[in-house]
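Undergrad: This structure is in structure tokens; I'll ask about it shortly.
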Amino acid sequence: MKSLHAQHHALADTSYQLTVLSEAEAAGARLPAFAHKLHESGLLPLRPTELAVMQVNVGKMCNQTCRHCHVDAGPDRTEIMTRATMQLCLDALAQTTIPVVDLTGGAPEMNPDFRWFVEQISALGRQTIVRCNLTIIVANPKYHDLPEFFAQHGVRVVSSLPHFSAARTDAQRGEGVFGRSIRALRMLNAVGYGVEGSGLLLDLVYNPSGAFLPGRQVGLEREFKQRLLREHEVVFNSLLAITNLPISRFMEYLLESGNYESYMQKLVAAYNPVAAANVMCRSTLSIGWDGQLYDCDFNQQLALNVAKNAPQHIRFFDATALQDRAIVINQHCYGCTAGAGSSCGGATA
Amino acid sequence: MEKSTYYNPADLAKFGNVADWQPEMGRKFFDYYGEVFKDGALSEREKALIALAVAHAVQCPYCIDAYTVDSLQKGADEAQMMEAVHVAVAIKGGAALVHSVQMMNKAKELSM
């Protein structure tokens, strides 16, 4: 499967995605503007709280082409962060006390400077999270030692596994992905990841393989733990339930399958003001592969940069100016405020 | 435009409106309903699968819609959902078939 970008698909153009999102009429019922909902909840303009996570997207290159990917990542994407831009991120990090750097992609490990970057973050005494797609570990012998490398630097590994059944996982992430993911999980377990008392955290990300919302995180976690242990002798720490946001390839799936309007209505109907108050963008700064600044990784993929009064590039990082910004919102934000809420850390309410 | 059929998918979202004409009973029903589906001795996923099976047995299109979504949300997969339906089918089919004992009894009673 090719990325939307490689297909020259209309949805590869982020302005077209924003047009689709802005169409208020859905299935005969008007979808209220997200800004209106936030206003009703007393949250408009949406302001940052304390900056807790620097999330760095180190490139769109990936060994997988998942059907729901909001980054439109894949083997055909060549956008990748340079070491010079990584250094700018480190310079900014050093000016702050931000405790966590969350590395995402693509497959972040495919960036040739990935290991160097993790070492530098460690040297600054900050925690690294890597959003590892699991299969990268077994994709090529040069990645086989990633579990040891992660352990050496106390990296918290957060990995997508949308289901404990092969069929549902493969339907979303590609043929054979489940089997390769289980192999990689066993390699992570073998060095202590997910094993009680090891101090090495391995969390799994559940996101629905279709046009429905995630159920309760705690119930899903229990099911995943039982099934993965019983059927595959795999252990992990926590399950993070994440809602699919209606952008990029998941938007394409929704439109193609005729589910777009009903999905948007589901998200709107499930709006939860408590989740709205806890959205991750309030405590996150998202940095693109080219150093541009965003409120979150979803805004990044829609090319919605941080508000104009804030610095636009990591080179001009200024914590105070960023703190004064209003967070940029749009209709896709309903994905983070539905039900129990959704963030890169799972449920929020 | 509203569909002029007995079953309209849009009506499912109006289920709560049944309380409009009898609020007290409506409230008691929905409170009870909510309590039934909470995690308990059975997990939420198991309860969703039971509801899905019963939905097929009572042949309620609203319930089939609702509990297909609910089963997926609670983490069930296609194999579990189809097995649940087969449980309903086995009981419904078995219920018909077990009455054939009565047929056999009667036939034997009347036959030489």
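Naming works like this for the structure tokens: A, B, ... for the chains as they're shown, residue 1 at the start of each chain, ligands 1 onward in shown order.
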Using only C-alpha atoms and a distance of at most 10 Å, pull out the residues of chain B that contact chain A, as a PyMOL selection string.

TA: chain B and resi 1+39+43-45+69-79

Undergrad: Save out the residues we just selected, C-alpha atoms, as a short mmCIF file (atom, residue, chain, number, x, y, z; two decimals), in the first residue's frame.

TA:
data_model
loop_
_atom_site.label_atom_id
_atom_site.label_comp_id
_atom_site.auth_asym_id
_atom_site.auth_seq_id
_atom_site.Cartn_x
_atom_site.Cartn_y
_atom_site.Cartn_z
CA MET B 1 -36.21 12.67 4.83
CA ASP B 39 -18.30 -4.54 34.96
CA SER B 43 -16.76 -8.39 32.25
CA GLU B 44 -18.24 -5.60 30.13
CA ARG B 45 -17.11 -7.50 27.02
CA VAL B 69 -20.84 -1.59 18.09
CA ASP B 70 -20.67 -2.21 21.82
CA SER B 71 -18.96 -5.60 21.39
CA LEU B 72 -16.33 -4.04 19.11
CA GLN B 73 -15.81 -1.16 21.55
CA LYS B 74 -15.36 -3.58 24.43
CA GLY B 75 -12.62 -5.39 22.49
CA ALA B 76 -14.50 -8.38 21.08
CA ASP B 77 -13.42 -9.64 17.67
CA GLU B 78 -15.39 -11.15 14.80
CA ALA B 79 -14.80 -14.75 15.93
#

Undergrad: Extract, using only C-alpha atoms, all DNA, RNA and protein residues at most 9 Å from A:Leu90, discarding same-chain residues fewer than 5 positions from it, and format them as a PDB file with C-alpha atoms, in the first residue's frame.

TA:
ATOM      1  CA  THR A  85      17.399  20.049  13.978  1.00  0.00           C
ATOM      2  CA  GLN A  95      16.633  25.705  28.693  1.00  0.00           C
ATOM      3  CA  PHE A 117      19.298  11.682  19.884  1.00  0.00           C
ATOM      4  CA  GLN A 120      21.698  13.129  24.211  1.00  0.00           C
ATOM      5  CA  ILE A 121      18.247  13.263  25.831  1.00  0.00           C
ATOM      6  CA  LEU A 124      20.249  15.843  29.863  1.00  0.00           C
TER       7      LEU A 124
END

Undergrad: Can you work out which one of A:Ala338, A:Leu245, A:Cys89, A:Ala349 has the shortest atom-to-atom distance to A:Leu293, counting only C-alpha atoms?

TA: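 When distances to A:Leu293 are compared using only C-alpha atoms, the smallest one comes from A:Cys89.
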
Undergrad: What are the DSSP strand (DSSP E) residues of stretch 118-337 of chain A, as a ChimeraX atom specification?

TA: /A:127-132,156-160,202-206,239-241,284-287,293-294

Undergrad: Go through B:Ile91, B:Ala19, B:Val36, B:Met25 one by one, measure the shortest atom-to-atom distance of each to B:Val58 using only C-alpha atoms, and give the residue with the smallest value.

TA: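 Ranking B:Ile91, B:Ala19, B:Val36, B:Met25 by distance to B:Val58, first place goes to B:Ile91.
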
Undergrad: Which residues are close to B:Tyr67, i.e. within 7 Å by only C-alpha atoms, leaving aside same-chain residues fewer than 6 positions away? Reply as a ChimeraX atom specification.

TA: /B:48,51-52

Undergrad: Write to file, as a JSON list (two decimals), in the first residue's frame, the residues of the selection just made, with N, CA and C atoms.

TA:
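result-v3.json, written as the output of this step:
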[["chain", "number", "residue", "atom", "x", "y", "z"],
["B", 48, "ALA", "N", -21.57, -7.61, 26.78],
["B", 48, "ALA", "CA", -21.91, -7.11, 25.44],
["B", 48, "ALA", "C", -22.16, -8.30, 24.49],
["B", 51, "ALA", "N", -25.51, -9.82, 25.26],
["B", 51, "ALA", "CA", -26.55, -8.94, 24.71],
["B", 51, "ALA", "C", -26.64, -9.12, 23.19],
["B", 52, "LEU", "N", -25.51, -9.28, 22.56],
["B", 52, "LEU", "CA", -25.49, -9.48, 21.09],
["B", 52, "LEU", "C", -26.21, -10.78, 20.72]]

Undergrad: Separation of atom CA of A:Gly194 and atom CA of A:Ser343, in Å?

TA: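 According to the coordinates, atom CA of A:Gly194 and atom CA of A:Ser343 are separated by 21.1 Å.
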
Undergrad: I need the alpha helix (DSSP H) residues of stretch 236-341 of chain A per DSSP on the backbone, written as a PyMOL selection string.

TA: chain A and resi 248-256+260-269+273-277+297-301+319-323+334-337

Undergrad: Near A:Pro99, counting only C-alpha atoms, which residues have an atom at most 7 Å away, once you skip same-chain residues fewer than 3 positions from it, shown as a ChimeraX atom specification?

TA: /A:52-53,126-127

Undergrad: Grab the residues selected above and save them as a PDB file, in the first residue's frame with all heavy atoms.

TA:
ATOM      1  N   ALA A  52       4.840  19.743  29.883  1.00  0.00           N
ATOM      2  CA  ALA A  52       5.328  18.504  30.493  1.00  0.00           C
ATOM      3  C   ALA A  52       5.975  17.559  29.487  1.00  0.00           C
ATOM      4  O   ALA A  52       6.749  16.676  29.859  1.00  0.00           O
ATOM      5  CB  ALA A  52       4.185  17.789  31.197  1.00  0.00           C
ATOM      6  N   VAL A  53       5.626  17.722  28.203  1.00  0.00           N
ATOM      7  CA  VAL A  53       6.130  16.795  27.183  1.00  0.00           C
ATOM      8  C   VAL A  53       6.576  17.554  25.944  1.00  0.00           C
ATOM      9  O   VAL A  53       5.846  18.390  25.418  1.00  0.00           O
ATOM     10  CB  VAL A  53       5.033  15.778  26.764  1.00  0.00           C
ATOM     11  CG1 VAL A  53       5.555  14.835  25.675  1.00  0.00           C
ATOM     12  CG2 VAL A  53       4.526  14.985  27.949  1.00  0.00           C
ATOM     13  N   ARG A 126      16.657  13.526  31.008  1.00  0.00           N
ATOM     14  CA  ARG A 126      15.216  13.506  30.741  1.00  0.00           C
ATOM     15  C   ARG A 126      14.791  12.098  30.298  1.00  0.00           C
ATOM     16  O   ARG A 126      15.566  11.358  29.709  1.00  0.00           O
ATOM     17  CB  ARG A 126      14.838  14.511  29.642  1.00  0.00           C
ATOM     18  CG  ARG A 126      15.481  15.885  29.780  1.00  0.00           C
ATOM     19  CD  ARG A 126      15.139  16.584  31.085  1.00  0.00           C
ATOM     20  NE  ARG A 126      16.023  17.731  31.294  1.00  0.00           N
ATOM     21  CZ  ARG A 126      15.742  18.973  30.888  1.00  0.00           C
ATOM     22  NH1 ARG A 126      14.621  19.229  30.268  1.00  0.00           N
ATOM     23  NH2 ARG A 126      16.597  19.952  31.126  1.00  0.00           N
ATOM     24  N   GLN A 127      13.534  11.827  30.552  1.00  0.00           N
ATOM     25  CA  GLN A 127      12.951  10.533  30.164  1.00  0.00           C
ATOM     26  C   GLN A 127      12.605  10.553  28.673  1.00  0.00           C
ATOM     27  O   GLN A 127      12.025  11.522  28.178  1.00  0.00           O
ATOM     28  CB  GLN A 127      11.675  10.311  30.985  1.00  0.00           C
ATOM     29  CG  GLN A 127      10.735   9.271  30.432  1.00  0.00           C
ATOM     30  CD  GLN A 127      10.933   7.893  31.050  1.00  0.00           C
ATOM     31  OE1 GLN A 127      10.645   7.702  32.211  1.00  0.00           O
ATOM     32  NE2 GLN A 127      11.424   6.960  30.262  1.00  0.00           N
TER      33      GLN A 127
END

Undergrad: So that I can see what lies close to A:Lys308, please list as a list in words the residues with an atom at most 12 Å from it, counting only C-alpha atoms and leaving out residues fewer than 4 positions away in the same chain.

TA: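 These residues fall inside the cut-off: Leu293, Tyr294, Leu304, Gln312, His313, Ala321, Leu322, Asp324, Arg325, Ala326, Ile327 and Val328 of chain A.
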
Undergrad: Mind checking which residues fall within 9 Å of B:Ile50, counting only C-alpha atoms, ignoring those fewer than 5 positions away in the same chain, and posting them as a PyMOL selection string?

TA: chain B and resi 45+55+84-85+88

Undergrad: Output N, CA and C atoms for every residue in the selection just made, as an mmCIF file, in the first residue's frame.

TA:
data_model
loop_
_atom_site.group_PDB
_atom_site.id
_atom_site.type_symbol
_atom_site.label_atom_id
_atom_site.label_comp_id
_atom_site.auth_asym_id
_atom_site.auth_seq_id
_atom_site.Cartn_x
_atom_site.Cartn_y
_atom_site.Cartn_z
ATOM 1 N N ARG B 45 -17.150 -6.849 28.339
ATOM 2 C CA ARG B 45 -17.110 -7.500 27.024
ATOM 3 C C ARG B 45 -18.016 -8.726 27.004
ATOM 4 N N ALA B 55 -29.872 -10.345 21.305
ATOM 5 C CA ALA B 55 -30.414 -9.466 20.257
ATOM 6 C C ALA B 55 -30.793 -10.283 19.021
ATOM 7 N N ALA B 84 -20.875 -16.069 19.647
ATOM 8 C CA ALA B 84 -21.994 -15.661 20.508
ATOM 9 C C ALA B 84 -23.320 -15.856 19.776
ATOM 10 N N VAL B 85 -23.338 -15.472 18.493
ATOM 11 C CA VAL B 85 -24.572 -15.635 17.706
ATOM 12 C C VAL B 85 -24.918 -17.119 17.576
ATOM 13 N N ALA B 88 -26.813 -18.346 20.476
ATOM 14 C CA ALA B 88 -28.237 -18.003 20.367
ATOM 15 C C ALA B 88 -28.931 -18.942 19.388
#

Undergrad: Kindly give the distance, in Å, that separates atom CA of A:Glu119 and atom CA of A:Gly154, rounded to a single decimal.

TA: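 A separation of 10.5 Å between them.
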
Undergrad: Write out as a count of residues only the residues lying within 12 Å of A:Tyr16, counting only C-alpha atoms and excluding same-chain residues fewer than 6 positions away.

TA: 10
